[in-house]
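S.K.: Got a file for you: upload16.cif, mmCIF, C-alpha atoms.
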data_work
loop_
_atom_site.label_atom_id
_atom_site.label_comp_id
_atom_site.auth_asym_id
_atom_site.auth_seq_id
_atom_site.Cartn_x
_atom_site.Cartn_y
_atom_site.Cartn_z
CA MET A 1142 8.34 1.09 14.96
CA ARG A 1143 5.44 -0.69 16.57
CA LEU A 1144 4.27 -3.95 15.18
CA PRO A 1145 0.81 -4.94 16.25
CA ASP A 1146 -0.19 -8.44 17.06
CA ARG A 1147 -3.60 -7.72 15.71
CA ARG A 1148 -5.07 -8.38 12.33
CA PRO A 1149 -5.78 -5.41 10.11
CA ALA A 1150 -9.20 -6.67 9.17
CA ARG A 1151 -11.80 -8.91 10.63
CA ARG A 1152 -12.06 -12.23 8.87
CA THR A 1153 -14.72 -14.50 10.11
CA THR A 1154 -14.57 -16.91 7.24
CA ARG A 1155 -10.92 -17.78 7.41
CA PRO A 1156 -9.77 -17.70 11.00
CA ARG A 1157 -6.13 -18.36 11.56
CA HIS A 1158 -3.69 -18.20 14.35
CA THR A 1159 -2.06 -14.89 14.27
CA ARG A 1160 1.36 -14.96 15.70
CA ALA A 1161 2.86 -11.90 14.31
CA VAL A 1162 6.43 -11.76 15.36
CA LEU A 1163 8.72 -8.84 15.26
CA VAL A 1164 11.96 -10.22 14.01
CA ALA A 1165 14.14 -7.37 13.10
CA VAL A 1166 14.32 -3.70 12.63
CA ALA A 1167 17.31 -2.81 10.58
CA ALA A 1168 19.55 -0.11 11.92
CA LEU A 1169 19.43 1.67 8.63
CA ALA A 1170 15.70 1.91 8.86
CA LEU A 1171 13.38 4.30 7.24
CA THR A 1172 14.15 7.41 9.15
CA ALA A 1173 15.14 10.27 6.96
CA GLY A 1174 18.82 10.79 6.77
CA CYS A 1175 19.74 7.39 8.07
CA THR A 1176 20.93 6.13 4.75
CA GLY A 1177 22.70 7.56 1.85
CA GLY A 1178 19.90 6.50 -0.43
CA ALA A 1179 20.02 5.21 -3.92
CA ASP A 1180 21.49 8.42 -5.19
CA ASP A 1181 24.38 8.42 -2.79
CA PRO A 1182 27.56 7.87 -4.76
CA GLY A 1183 29.17 6.18 -1.82
CA THR A 1184 26.47 3.60 -1.35
CA GLY A 1185 26.25 0.15 -2.76
CA ALA A 1186 28.00 -1.75 -5.46
CA THR A 1187 29.88 -0.48 -8.44
CA PRO A 1188 27.72 -0.02 -11.49
CA SER A 1189 28.25 -2.80 -13.95
CA ASP A 1190 26.81 -1.35 -17.08
CA GLY A 1191 29.34 1.31 -17.92
CA VAL A 1192 26.78 4.08 -18.12
CA ALA A 1193 28.32 5.80 -15.15
CA ALA A 1194 31.46 6.67 -17.02
CA ASP A 1195 29.47 8.00 -19.95
CA ALA A 1196 27.23 10.19 -17.87
CA GLY A 1197 29.88 11.30 -15.43
CA GLN A 1198 27.90 10.09 -12.45
CA PRO A 1199 27.23 6.75 -10.84
CA ALA A 1200 24.35 4.71 -12.11
CA PRO A 1201 21.48 4.10 -9.68
CA VAL A 1202 22.08 1.23 -7.31
CA ASP A 1203 19.40 -0.85 -5.68
CA ASP A 1204 20.43 -0.26 -2.11
CA VAL A 1205 17.46 -1.97 -0.47
CA ALA A 1206 17.26 -5.23 -2.40
CA THR A 1207 18.08 -7.23 0.71
CA GLN A 1208 17.21 -4.67 3.36
CA VAL A 1209 14.98 -5.77 6.21
CA VAL A 1210 13.33 -2.88 7.98
CA ALA A 1211 10.85 -5.10 9.74
CA GLU A 1212 9.57 -8.61 9.39
CA GLN A 1213 6.51 -10.50 10.53
CA THR A 1214 5.66 -14.16 10.26
CA VAL A 1215 2.06 -15.31 10.46
CA SER A 1216 0.09 -18.39 9.61
CA THR A 1217 -0.79 -18.51 5.94
CA PRO A 1218 -4.12 -16.70 5.68
CA SER A 1219 -5.79 -19.54 3.81
CA GLU A 1220 -6.08 -23.29 3.79
CA ALA A 1221 -2.78 -23.60 1.91
CA GLY A 1222 -0.95 -24.29 5.15
CA GLY A 1223 2.41 -23.26 6.49
CA GLU A 1224 3.26 -19.68 7.23
CA VAL A 1225 4.14 -16.55 5.36
CA THR A 1226 6.87 -14.11 6.24
CA LEU A 1227 6.39 -10.53 5.19
CA VAL A 1228 9.40 -8.26 5.02
CA LEU A 1229 9.20 -4.52 4.71
CA ARG A 1230 12.19 -3.49 2.62
CA ASP A 1231 11.73 0.21 2.12
CA VAL A 1232 9.33 3.11 2.33
CA ARG A 1233 10.79 5.99 0.41
CA VAL A 1234 9.64 9.32 -0.98
CA ASP A 1235 10.96 10.54 -4.32
CA ASP A 1236 9.48 13.96 -5.02
CA GLN A 1237 5.72 13.31 -4.95
CA VAL A 1238 5.81 9.54 -5.07
CA LEU A 1239 6.04 7.15 -2.15
CA THR A 1240 7.44 3.74 -2.97
CA VAL A 1241 6.84 0.71 -0.79
CA ARG A 1242 9.00 -2.35 -1.31
CA TRP A 1243 8.27 -5.62 0.38
CA ALA A 1244 8.99 -9.33 0.15
CA LEU A 1245 6.85 -12.37 0.89
CA THR A 1246 8.09 -15.87 1.62
CA TRP A 1247 5.89 -18.92 1.93
CA ASP A 1248 7.13 -21.79 4.04
CA ALA A 1249 5.08 -24.95 4.28
CA PRO A 1250 7.24 -27.66 5.91
CA ASP A 1251 4.62 -30.32 5.38
CA GLN A 1252 4.63 -29.81 1.62
CA ALA A 1253 7.19 -30.62 -1.03
CA ASP A 1254 9.89 -28.09 -1.71
CA ASP A 1255 8.71 -27.76 -5.28
CA ALA A 1256 5.08 -27.27 -4.29
CA SER A 1257 3.67 -23.97 -5.44
CA ALA A 1258 0.61 -21.87 -4.79
CA SER A 1259 -0.87 -18.75 -6.26
CA LEU A 1260 -1.26 -15.69 -4.10
CA LEU A 1261 -4.97 -16.36 -4.29
CA ASP A 1262 -4.36 -19.83 -2.89
CA LEU A 1263 -2.35 -18.26 -0.08
CA GLY A 1264 -5.09 -15.76 0.69
CA VAL A 1265 -2.84 -12.82 -0.16
CA ASP A 1266 -4.04 -10.06 -2.48
CA PRO A 1267 -1.45 -7.30 -2.36
CA THR A 1268 -2.88 -3.80 -2.62
CA PRO A 1269 -0.61 -1.76 -0.39
CA LEU A 1270 -2.33 0.82 1.77
CA VAL A 1271 -0.31 3.44 3.61
CA THR A 1272 -2.01 5.44 6.32
CA ASP A 1273 -0.50 8.63 7.66
CA THR A 1274 -1.77 8.49 11.22
CA THR A 1275 -0.29 11.88 12.00
CA HIS A 1276 -2.01 13.81 9.26
CA LEU A 1277 -5.02 11.50 8.88
CA GLN A 1278 -4.73 10.59 5.23
CA ALA A 1279 -4.63 7.21 3.53
CA PHE A 1280 -2.84 6.39 0.30
CA LEU A 1281 -3.42 3.63 -2.23
CA PRO A 1282 -1.35 2.83 -5.31
CA LEU A 1283 -1.41 5.33 -8.13
CA CYS A 1284 -3.41 3.99 -11.01
CA VAL A 1285 -3.49 4.76 -14.69
CA LYS A 1286 -7.28 4.39 -14.90
CA GLY A 1287 -10.07 4.36 -12.37
CA ASP A 1288 -10.52 5.84 -8.93
CA TRP A 1289 -10.06 4.16 -5.56
CA ASN A 1290 -12.72 6.49 -4.13
CA GLY A 1291 -15.20 5.83 -6.91
CA ALA A 1292 -17.76 3.21 -7.73
CA ALA A 1293 -17.01 -0.49 -7.96
CA VAL A 1294 -16.11 -0.33 -11.64
CA ASP A 1295 -13.73 2.57 -10.99
CA ARG A 1296 -12.06 0.75 -8.10
CA GLN A 1297 -11.69 -2.33 -10.26
CA GLU A 1298 -10.04 -0.29 -13.00
CA CYS A 1299 -7.69 1.21 -10.48
CA ARG A 1300 -6.89 -2.24 -9.16
CA GLN A 1301 -6.11 -3.47 -12.66
CA THR A 1302 -3.93 -0.52 -13.63
CA MET A 1303 -2.26 0.34 -10.37
CA LEU A 1304 1.47 0.95 -10.35
CA ALA A 1305 2.38 -2.06 -8.29
CA SER A 1306 3.76 -5.53 -8.60
CA PRO A 1307 2.48 -8.15 -8.41
CA ARG A 1308 -0.91 -7.04 -9.62
CA ASP A 1309 -2.64 -10.31 -10.40
CA HIS A 1310 -2.94 -12.58 -7.41
CA THR A 1311 -4.51 -15.35 -9.44
CA THR A 1312 -1.63 -15.89 -11.83
CA THR A 1313 1.27 -14.96 -9.59
CA ARG A 1314 2.59 -18.15 -8.06
CA LEU A 1315 5.03 -18.71 -5.25
CA GLN A 1316 7.07 -21.85 -4.71
CA ASN A 1317 7.50 -23.28 -1.27
CA HIS A 1318 10.34 -21.48 0.56
CA ALA A 1319 10.72 -18.98 -2.28
CA THR A 1320 10.53 -15.23 -1.86
CA LEU A 1321 8.44 -12.87 -3.92
CA GLU A 1322 9.63 -9.28 -4.16
CA GLY A 1323 6.93 -6.65 -4.52
CA TRP A 1324 6.57 -2.91 -4.81
CA ALA A 1325 3.97 -0.22 -5.16
CA ALA A 1326 4.04 3.48 -6.02
CA LEU A 1327 1.65 5.67 -4.07
CA PRO A 1328 1.14 9.40 -3.69
CA ALA A 1329 3.55 10.85 -1.20
CA PRO A 1330 2.04 12.53 1.84
CA GLU A 1331 1.84 16.28 1.33
CA THR A 1332 3.31 16.83 4.77
CA PRO A 1333 6.46 14.76 5.30
CA GLY A 1334 7.50 13.15 8.53
CA GLY A 1335 4.21 11.62 9.56
CA SER A 1336 3.90 8.26 11.24
CA LEU A 1337 2.87 5.70 8.65
CA ASP A 1338 1.06 2.39 8.90
CA VAL A 1339 1.90 0.11 5.99
CA LEU A 1340 -0.56 -2.64 5.11
CA VAL A 1341 0.69 -4.67 2.16
CA ALA A 1342 -2.39 -6.84 1.83
CA ASP A 1343 -5.66 -7.02 3.65
CA GLY A 1344 -5.43 -9.89 6.07
CA LEU A 1345 -1.70 -9.62 6.65
CA PRO A 1346 -0.40 -7.74 9.67
CA ALA A 1347 0.41 -4.08 9.24
CA PHE A 1348 3.72 -2.41 9.94
CA THR A 1349 2.99 0.60 12.09
CA GLY A 1350 4.94 3.66 13.14
CA VAL A 1351 7.03 3.76 9.97
CA THR A 1352 8.74 6.95 8.86
CA ALA A 1353 9.42 7.26 5.16
CA ARG A 1354 12.88 8.25 4.16
CA GLN A 1355 13.10 11.26 1.92
CA ALA A 1356 15.20 10.35 -1.07
CA SER A 1357 14.80 13.66 -2.83
CA MET B 1014 -2.06 16.45 -7.06
CA THR B 1015 -3.77 18.17 -9.93
CA ALA B 1016 -2.91 17.16 -13.42
CA GLY B 1017 -0.93 20.36 -13.77
CA TYR B 1018 0.80 19.74 -10.53
CA ALA B 1019 1.64 16.27 -11.72
CA ARG B 1020 3.08 17.54 -14.93
CA ARG B 1021 5.41 19.86 -13.13
CA ALA B 1022 7.17 17.20 -11.22
CA VAL B 1023 9.15 14.23 -12.29
CA ALA B 1024 9.86 11.29 -10.12
CA VAL B 1025 11.56 8.16 -11.15
CA LEU B 1026 10.54 4.90 -9.61
CA ALA B 1027 12.81 3.83 -6.84
CA ALA B 1028 16.21 2.55 -7.67
CA GLY B 1029 16.05 3.42 -11.33
CA VAL B 1030 13.87 0.50 -12.10
CA LEU B 1031 14.53 -1.88 -14.87
CA VAL B 1032 18.24 -1.39 -14.86
CA VAL B 1033 19.50 -4.59 -16.38
CA GLY B 1034 21.85 -6.12 -13.89
CA VAL B 1035 23.84 -8.49 -15.97
CA PRO B 1036 27.34 -8.93 -14.59
CA GLY B 1037 29.85 -7.77 -17.09
CA ALA B 1038 27.18 -6.54 -19.43
CA ALA B 1039 29.06 -3.35 -20.20
CA SER B 1040 31.89 -5.05 -21.92
CA ALA B 1041 32.09 -7.14 -25.02
CA SER B 1042 35.04 -8.94 -23.53
CA VAL B 1043 33.00 -10.73 -20.93
CA PRO B 1044 33.30 -14.46 -20.42
CA GLY B 1045 31.14 -16.17 -22.94
CA ALA B 1046 31.64 -13.51 -25.57
CA ALA B 1047 34.09 -15.72 -27.39
CA ALA B 1048 31.38 -18.26 -27.91
CA ALA B 1049 29.24 -15.60 -29.49
CA SER B 1050 30.89 -16.17 -32.82
CA ASP B 1051 29.21 -19.52 -32.95
CA PRO B 1052 25.52 -19.07 -32.25
CA ALA B 1053 25.04 -22.80 -32.24
CA VAL B 1054 27.02 -23.22 -29.03
CA GLU B 1055 26.44 -20.02 -27.15
CA PRO B 1056 24.15 -20.09 -24.14
CA PRO B 1057 20.82 -18.27 -24.36
CA TRP B 1058 21.99 -15.38 -22.21
CA ALA B 1059 25.14 -14.69 -24.24
CA GLU B 1060 23.60 -12.05 -26.49
CA LEU B 1061 22.23 -10.21 -23.50
CA ALA B 1062 25.54 -10.46 -21.70
CA ARG B 1063 27.45 -8.73 -24.47
CA THR B 1064 24.87 -5.99 -24.99
CA PRO B 1065 25.84 -2.72 -23.32
CA VAL B 1066 23.15 -0.79 -21.50
CA THR B 1067 23.07 2.67 -23.04
CA PRO B 1068 21.62 5.85 -21.54
CA ASP B 1069 18.95 5.72 -24.23
CA MET B 1070 17.97 2.21 -23.23
CA ARG B 1071 17.85 3.27 -19.63
CA GLY B 1072 15.65 6.23 -20.47
CA ARG B 1073 13.21 4.16 -22.47
CA ALA B 1074 12.99 1.60 -19.69
CA THR B 1075 12.45 4.07 -16.88
CA LEU B 1076 8.90 4.75 -15.84
CA ARG B 1077 8.39 8.38 -14.93
CA LEU B 1078 5.47 8.43 -12.57
CA VAL B 1079 4.55 12.08 -12.95
CA GLY B 1080 5.33 14.39 -15.77
CA GLY B 1081 5.22 11.48 -18.17
CA PRO B 1082 2.54 10.18 -20.49
CA LEU B 1083 0.57 8.41 -17.78
CA ALA B 1084 -2.53 10.18 -16.55
CA LEU B 1085 -1.94 9.75 -12.86
CA VAL B 1086 -4.16 11.76 -10.56
CA ARG B 1087 -3.17 11.94 -6.95
CA ASP B 1088 -6.68 12.55 -5.66
CA LYS B 1089 -7.85 9.21 -6.97
CA SER B 1090 -5.38 7.43 -4.73
CA VAL B 1091 -5.75 9.52 -1.60
CA ARG B 1092 -8.45 8.96 0.95
CA GLU B 1093 -9.10 12.01 3.11
CA LEU B 1094 -10.55 12.05 6.59
CA ALA B 1095 -13.77 13.72 5.45
CA ARG B 1096 -15.76 13.52 2.24
CA GLU B 1097 -18.32 16.25 1.82
CA ALA B 1098 -21.72 16.08 0.20
CA PRO B 1099 -24.67 18.45 0.61
CA GLY B 1100 -25.83 18.17 4.20
CA VAL B 1101 -23.62 15.25 5.12
CA THR B 1102 -19.99 14.79 6.01
CA THR B 1103 -18.65 11.25 5.72
CA LEU B 1104 -15.70 10.49 7.98
CA THR B 1105 -13.28 7.67 7.21
CA SER B 1106 -13.26 5.38 10.23
CA ASP B 1107 -9.87 3.94 9.33
CA LEU B 1108 -8.34 7.36 9.90
CA LEU B 1109 -10.20 8.09 13.12
CA PHE B 1110 -9.95 4.79 14.93
CA ALA B 1111 -7.63 1.87 15.35
CA PHE B 1112 -8.71 -1.56 14.18
CA ASP B 1113 -11.81 -2.77 16.02
CA SER B 1114 -11.58 0.20 18.37
CA ALA B 1115 -13.77 3.17 19.15
CA VAL B 1116 -10.95 5.11 20.80
CA PRO B 1117 -10.18 8.15 18.64
CA ALA B 1118 -6.72 8.43 17.14
CA PRO B 1119 -4.47 11.11 18.62
CA GLY B 1120 -5.17 13.56 15.83
CA ALA B 1121 -8.89 12.91 15.71
CA PRO B 1122 -10.19 15.51 18.22
CA GLU B 1123 -8.50 18.37 16.40
CA ALA B 1124 -9.76 17.13 13.05
CA LEU B 1125 -13.29 16.70 14.38
CA ALA B 1126 -13.19 20.18 15.85
CA GLY B 1127 -12.67 21.37 12.30
CA VAL B 1128 -15.72 19.42 11.17
CA ALA B 1129 -17.75 20.86 14.04
CA ALA B 1130 -16.76 24.39 13.15
CA ALA B 1131 -18.41 24.04 9.76
CA LEU B 1132 -21.81 23.07 11.19
CA PRO B 1133 -24.59 25.69 11.45
CA PRO B 1134 -25.24 27.25 14.86
CA GLY B 1135 -27.63 25.20 16.98
CA ALA B 1136 -28.05 22.62 14.25
CA ALA B 1137 -29.73 19.29 14.80
CA VAL B 1138 -27.15 16.73 13.75
CA VAL B 1139 -27.44 12.96 13.34
CA VAL B 1140 -24.23 10.99 13.78
CA ASP B 1141 -24.40 7.47 12.38
CA GLY B 1142 -21.67 4.84 12.55
CA HIS B 1143 -21.21 2.14 9.92
CA THR B 1144 -18.93 -0.88 9.57
CA ASP B 1145 -17.95 -3.12 6.70
CA GLY B 1146 -19.56 -6.48 6.13
CA LEU B 1147 -16.95 -8.57 7.89
CA GLY B 1148 -17.78 -9.84 11.33
CA SER B 1149 -21.10 -10.49 12.97
CA ASP B 1150 -23.87 -8.06 13.71
CA ALA B 1151 -23.19 -8.64 17.38
CA VAL B 1152 -19.79 -7.04 16.90
CA ASN B 1153 -20.51 -4.52 14.18
CA GLY B 1154 -23.60 -2.97 15.73
CA PRO B 1155 -22.02 -1.98 19.03
CA LEU B 1156 -18.77 -0.96 17.31
CA SER B 1157 -20.53 1.38 14.92
CA GLN B 1158 -22.56 2.83 17.77
CA ALA B 1159 -19.47 3.38 19.92
CA ARG B 1160 -17.60 5.06 17.09
CA ALA B 1161 -20.53 7.35 16.36
CA GLN B 1162 -20.68 8.21 20.03
CA ALA B 1163 -16.97 9.04 20.07
CA VAL B 1164 -17.43 11.38 17.11
CA ALA B 1165 -20.49 12.95 18.71
CA ASP B 1166 -18.57 13.51 21.93
CA ALA B 1167 -15.83 15.31 20.04
CA LEU B 1168 -18.35 17.43 18.16
CA ALA B 1169 -20.14 18.30 21.39
CA ALA B 1170 -16.90 19.25 23.06
CA ALA B 1171 -16.14 21.67 20.26
CA ARG B 1172 -19.71 22.89 19.72
CA PRO B 1173 -21.94 22.63 22.80
CA ASP B 1174 -24.77 24.31 20.87
CA LEU B 1175 -25.33 21.33 18.58
CA VAL B 1176 -28.25 18.98 19.16
CA LEU B 1177 -26.82 15.54 18.50
CA THR B 1178 -28.49 12.20 17.86
CA VAL B 1179 -26.28 9.13 17.75
CA GLY B 1180 -26.89 5.84 15.97
CA GLY B 1181 -25.05 2.70 14.91
CA ALA B 1182 -26.12 0.86 11.79
CA GLY B 1183 -23.45 -1.81 11.77
CA SER B 1184 -23.04 -3.16 8.25
CA THR B 1185 -26.67 -2.80 7.23
CA ARG B 1186 -26.28 0.32 5.07
CA PRO B 1187 -23.22 -0.09 2.86
CA VAL B 1188 -22.30 2.57 0.34
CA ALA B 1189 -19.90 0.39 -1.65
CA GLU B 1190 -19.86 -3.16 -2.91
CA GLU B 1191 -17.40 -5.33 -1.04
CA GLN B 1192 -16.99 -7.78 -3.90
CA VAL B 1193 -16.45 -7.01 -7.56
CA ASP B 1194 -16.95 -9.83 -10.06
CA GLY B 1195 -16.80 -12.30 -7.23
CA GLN B 1196 -13.48 -10.94 -6.04
CA ASP B 1197 -12.97 -9.52 -2.60
CA ASP B 1198 -12.66 -5.72 -2.69
CA PRO B 1199 -10.90 -4.30 0.39
CA ALA B 1200 -11.17 -0.78 -1.01
CA GLY B 1201 -14.94 -1.12 -1.06
CA ARG B 1202 -14.98 -2.38 2.48
CA ALA B 1203 -12.87 0.59 3.55
CA LEU B 1204 -15.42 2.98 2.07
CA ASN B 1205 -18.12 1.33 4.15
CA ARG B 1206 -16.21 1.83 7.39
CA ARG B 1207 -17.41 5.35 8.10
CA VAL B 1208 -19.21 7.76 10.39
CA GLU B 1209 -21.74 10.06 8.79
CA VAL B 1210 -22.50 13.48 10.23
CA ARG B 1211 -25.79 14.70 8.83
CA VAL B 1212 -27.46 18.06 9.43
CA VAL B 1213 -31.20 17.48 9.77
CA GLY B 1214 -32.43 20.76 11.13
#
Show the structure stored in the file as structure tokens.

M.R.:
Amino acid sequence: MRLPDRRPARRTTRPRHTRAVLVAVAALALTAGCTGGADDPGTGATPSDGVAADAGQPAPVDDVATQVVAEQTVSTPSEAGGEVTLVLRDVRVDDQVLTVRWALTWDAPDQADDASASLLDLGVDPTPLVTDTTHLQAFLPLCVKGDWNGAAVDRQECRQTMLASPRDHTTTRLQNHATLEGWAALPAPETPGGSLDVLVADGLPAFTGVTARQAS
Amino acid sequence: MTAGYARRAVAVLAAGVLVVGVPGAASASVPGAAAASDPAVEPPWAELARTPVTPDMRGRATLRLVGGPLALVRDKSVRELAREAPGVTTLTSDLLFAFDSAVPAPGAPEALAGVAAALPPGAAVVVDGHTDGLGSDAVNGPLSQARAQAVADALAAARPDLVLTVGGAGSTRPVAEEQVDGQDDPAGRALNRRVEVRVVG
């Protein structure tokens, strides 16, 4: 996986010092077949809800809740100060749906530990974009209404109804040193195995060269 | 994904979302259950802790992305390399070029050869590059021109009979608003980053 030290978009109004740092690429990364996946009976913790015994099969287990596929730390893309660390947890294909999971931590040493800021304050507006650079297609979150390729009103509807979390960057707040877990569901590439660039939010660095794991 | 296609498939959001992960939730004999007999002293989570998660609850709390009641249409969330309109093909710059670059992506020449193949023999073709509204004209103008030239070069390589004219408009001719209700709209900006191939004669 390549991690660029460039910004994914030009921002002339809010310059910041980009110091994207590759921290880690987990061994169990996103390559197909590397992990047992959430459906693997031998993976993860024992189900705690008792459903497994009733159904005769293990309950699903969140096997990527703490996974770190790649991580980048950059200056907070706003005047809020400090830095943000973006973790890519998982890029996974289930049937025709590609799920991106990520985590964002805000660290501002010069502010109180109980200080908080909205994502808007931090200059982060998550709308994950996955680009298949092999097959030259780009994917945005599935939405209940609207159309990402349509007019402004259609794009706004899509933005408001997209299958992703968080969806509202004005009301979603993050406390200093706390971590926000996010996800988005996008269309899966029609041709599997392509090299993917994952951009969680415009203005944050992209993760490039990612291969989605095929969970089904 | 057509609607019919969507209906045929069922995918469940990763990790069986919304599975309530309360330690010991499956059993009524969990710590704290004894206090349940006295609602006045039990902690606020006690009722949840002694509530078993049933398959029915799991089913009702699982969002099925396709095949369910939601009208999800794949095409509305997929951006293709080329968008066709009568007489003009609009190419998505984000898929052809790296950020701030006019060097074609590895798969671009083959894709552009496909675009070239659809053009009429000996056609006069105008290739115009466009950027989004970020950055200065001093950057956007030359970048749009260089990207248009790269596309034109690929078209000419595949179809030497074409008569090509190359231009770069920078951010002066947007096709999408880049702000909606005062909010930044990256999806609109992405639509503006494009190269148009127009048959003029």

S.K.: Name the residues captured by the PyMOL selection byres ((chain B and resi 1106-1115) around 7) when it is applied to the shown file; answer as a short mmCIF file (atom, residue, chain, number, x, y, z; two decimals) with C-alpha atoms, keeping the file's coordinate frame.

M.R.:
data_model
loop_
_atom_site.label_atom_id
_atom_site.label_comp_id
_atom_site.auth_asym_id
_atom_site.auth_seq_id
_atom_site.Cartn_x
_atom_site.Cartn_y
_atom_site.Cartn_z
CA PRO A 1149 -5.78 -5.41 10.11
CA THR A 1274 -1.77 8.49 11.22
CA LEU A 1277 -5.02 11.50 8.88
CA GLN A 1278 -4.73 10.59 5.23
CA LEU B 1094 -10.55 12.05 6.59
CA LEU B 1104 -15.70 10.49 7.98
CA THR B 1105 -13.28 7.67 7.21
CA VAL B 1116 -10.95 5.11 20.80
CA PRO B 1117 -10.18 8.15 18.64
CA ALA B 1118 -6.72 8.43 17.14
CA ALA B 1121 -8.89 12.91 15.71
CA LEU B 1156 -18.77 -0.96 17.31
CA ALA B 1159 -19.47 3.38 19.92
CA ARG B 1160 -17.60 5.06 17.09
CA ALA B 1163 -16.97 9.04 20.07
CA ARG B 1206 -16.21 1.83 7.39
CA ARG B 1207 -17.41 5.35 8.10
CA VAL B 1208 -19.21 7.76 10.39
#

S.K.: Enter the distance from atom CA of Leu1125 of chain B to atom CA of Arg1096 of chain B, in Å, rounded to one decimal.

M.R.: 12.8 Å

S.K.: Residues at most 10 Å from Glu1190 of chain B, counting only C-alpha atoms, excluding those fewer than 3 positions away in the same chain, as a list in words?

M.R.: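 Near neighbours after the sequence-gap exclusion: Ala1292, Ala1293 and Val1294 of chain A; Asp1145, Gly1146, Pro1187, Val1193, Asp1197, Asp1198, Pro1199, Ala1200, Gly1201, Arg1202, Leu1204 and Asn1205 of chain B.
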
S.K.: How about saving the chosen residues, C-alpha atoms kept, as an mmCIF file, in the frame of the given file?

M.R.:
data_model
loop_
_atom_site.group_PDB
_atom_site.id
_atom_site.type_symbol
_atom_site.label_atom_id
_atom_site.label_comp_id
_atom_site.auth_asym_id
_atom_site.auth_seq_id
_atom_site.Cartn_x
_atom_site.Cartn_y
_atom_site.Cartn_z
ATOM 1 C CA ALA A 1292 -17.760 3.210 -7.730
ATOM 2 C CA ALA A 1293 -17.010 -0.490 -7.960
ATOM 3 C CA VAL A 1294 -16.110 -0.330 -11.640
ATOM 4 C CA ASP B 1145 -17.950 -3.120 6.700
ATOM 5 C CA GLY B 1146 -19.560 -6.480 6.130
ATOM 6 C CA PRO B 1187 -23.220 -0.090 2.860
ATOM 7 C CA VAL B 1193 -16.450 -7.010 -7.560
ATOM 8 C CA ASP B 1197 -12.970 -9.520 -2.600
ATOM 9 C CA ASP B 1198 -12.660 -5.720 -2.690
ATOM 10 C CA PRO B 1199 -10.900 -4.300 0.390
ATOM 11 C CA ALA B 1200 -11.170 -0.780 -1.010
ATOM 12 C CA GLY B 1201 -14.940 -1.120 -1.060
ATOM 13 C CA ARG B 1202 -14.980 -2.380 2.480
ATOM 14 C CA LEU B 1204 -15.420 2.980 2.070
ATOM 15 C CA ASN B 1205 -18.120 1.330 4.150
#

S.K.: Do you know which residues are at most 10 Å from Thr1207 of chain A counting only C-alpha atoms, after dropping those on the same chain fewer than 3 positions away, and could you put them as a list of chain:residue names?

M.R.: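 Once the adjacent positions are removed, what remains is A:Asp1203, A:Asp1204, A:Val1210, A:Val1228, A:Arg1230, A:Asp1231, A:Trp1243, A:Ala1244, A:Glu1322.
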
S.K.: Using all atoms listed in the file, pick whichever of B:Ala1126, B:Ala1074, B:Ala1098, B:Val1086 has the shortest atom-to-atom distance to Ala1170 of chain B.

M.R.: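 Checking each of B:Ala1126, B:Ala1074, B:Ala1098, B:Val1086 against Ala1170 of chain B, counting all atoms listed in the file, the winner is B:Ala1126.
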
S.K.: How far is it from atom CA of Gly1214 of chain B to atom CA of Ala1137 of chain B, in Å with one decimal?

M.R.: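 Rounded to one decimal, the two atoms are 4.8 Å apart.
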
S.K.: Take the PyMOL selection byres ((chain A and resi 1255) around 8), run it mentally on this structure, and tell me the resulting residues as a list in words.

M.R.: Ala1253, Asp1254, Ala1256, Ser1257, Gln1316 and Asn1317 of chain A

S.K.: When the PyMOL selection byres ((chain A and resi 1289) around 6) is applied to the file above, which residues end up in the set, as a VMD selection string?

M.R.: (chain A and resid 1288 1290 to 1291 1296) or (chain B and resid 1089 to 1090)

S.K.: Just how far from atom CA of Val1341 of chain A is atom CA of Gln1213 of chain A, in Å to one decimal?

M.R.: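 A separation of 11.7 Å between them.
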
S.K.: Counting all atoms listed in the file, which of A:Ala1279, A:Val1215, A:Leu1260, A:Val1232 gets nearest to chain B?

M.R.: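 Nearest candidate to chain B out of A:Ala1279, A:Val1215, A:Leu1260, A:Val1232: A:Ala1279.
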
S.K.: Which one is closest to Gly1350 of chain A: A:Glu1298, A:Ala1211, A:Ser1219, A:Arg1308? Count all atoms listed in the file.

M.R.: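 Of A:Glu1298, A:Ala1211, A:Ser1219, A:Arg1308, the one nearest Gly1350 of chain A, counting all atoms listed in the file, is A:Ala1211.
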
S.K.: Give me the residues near segment 1172-1176 of chain B as a PyMOL selection string, where near means some atom within 8 Å (using only C-alpha atoms) and where sequence neighbours in that chain fewer than 2 positions away do not count.

M.R.: chain B and resi 1129-1130+1134-1138+1168-1170+1178

S.K.: Restrict the selected residues to C-alpha atoms and save them as a PDB file, keeping the file's coordinate frame.

M.R.:
ATOM      1  CA  ALA B1129     -17.750  20.860  14.040  1.00  0.00           C
ATOM      2  CA  ALA B1130     -16.760  24.390  13.150  1.00  0.00           C
ATOM      3  CA  PRO B1134     -25.240  27.250  14.860  1.00  0.00           C
ATOM      4  CA  GLY B1135     -27.630  25.200  16.980  1.00  0.00           C
ATOM      5  CA  ALA B1136     -28.050  22.620  14.250  1.00  0.00           C
ATOM      6  CA  ALA B1137     -29.730  19.290  14.800  1.00  0.00           C
ATOM      7  CA  VAL B1138     -27.150  16.730  13.750  1.00  0.00           C
ATOM      8  CA  LEU B1168     -18.350  17.430  18.160  1.00  0.00           C
ATOM      9  CA  ALA B1169     -20.140  18.300  21.390  1.00  0.00           C
ATOM     10  CA  ALA B1170     -16.900  19.250  23.060  1.00  0.00           C
ATOM     11  CA  THR B1178     -28.490  12.200  17.860  1.00  0.00           C
TER      12      THR B1178
END
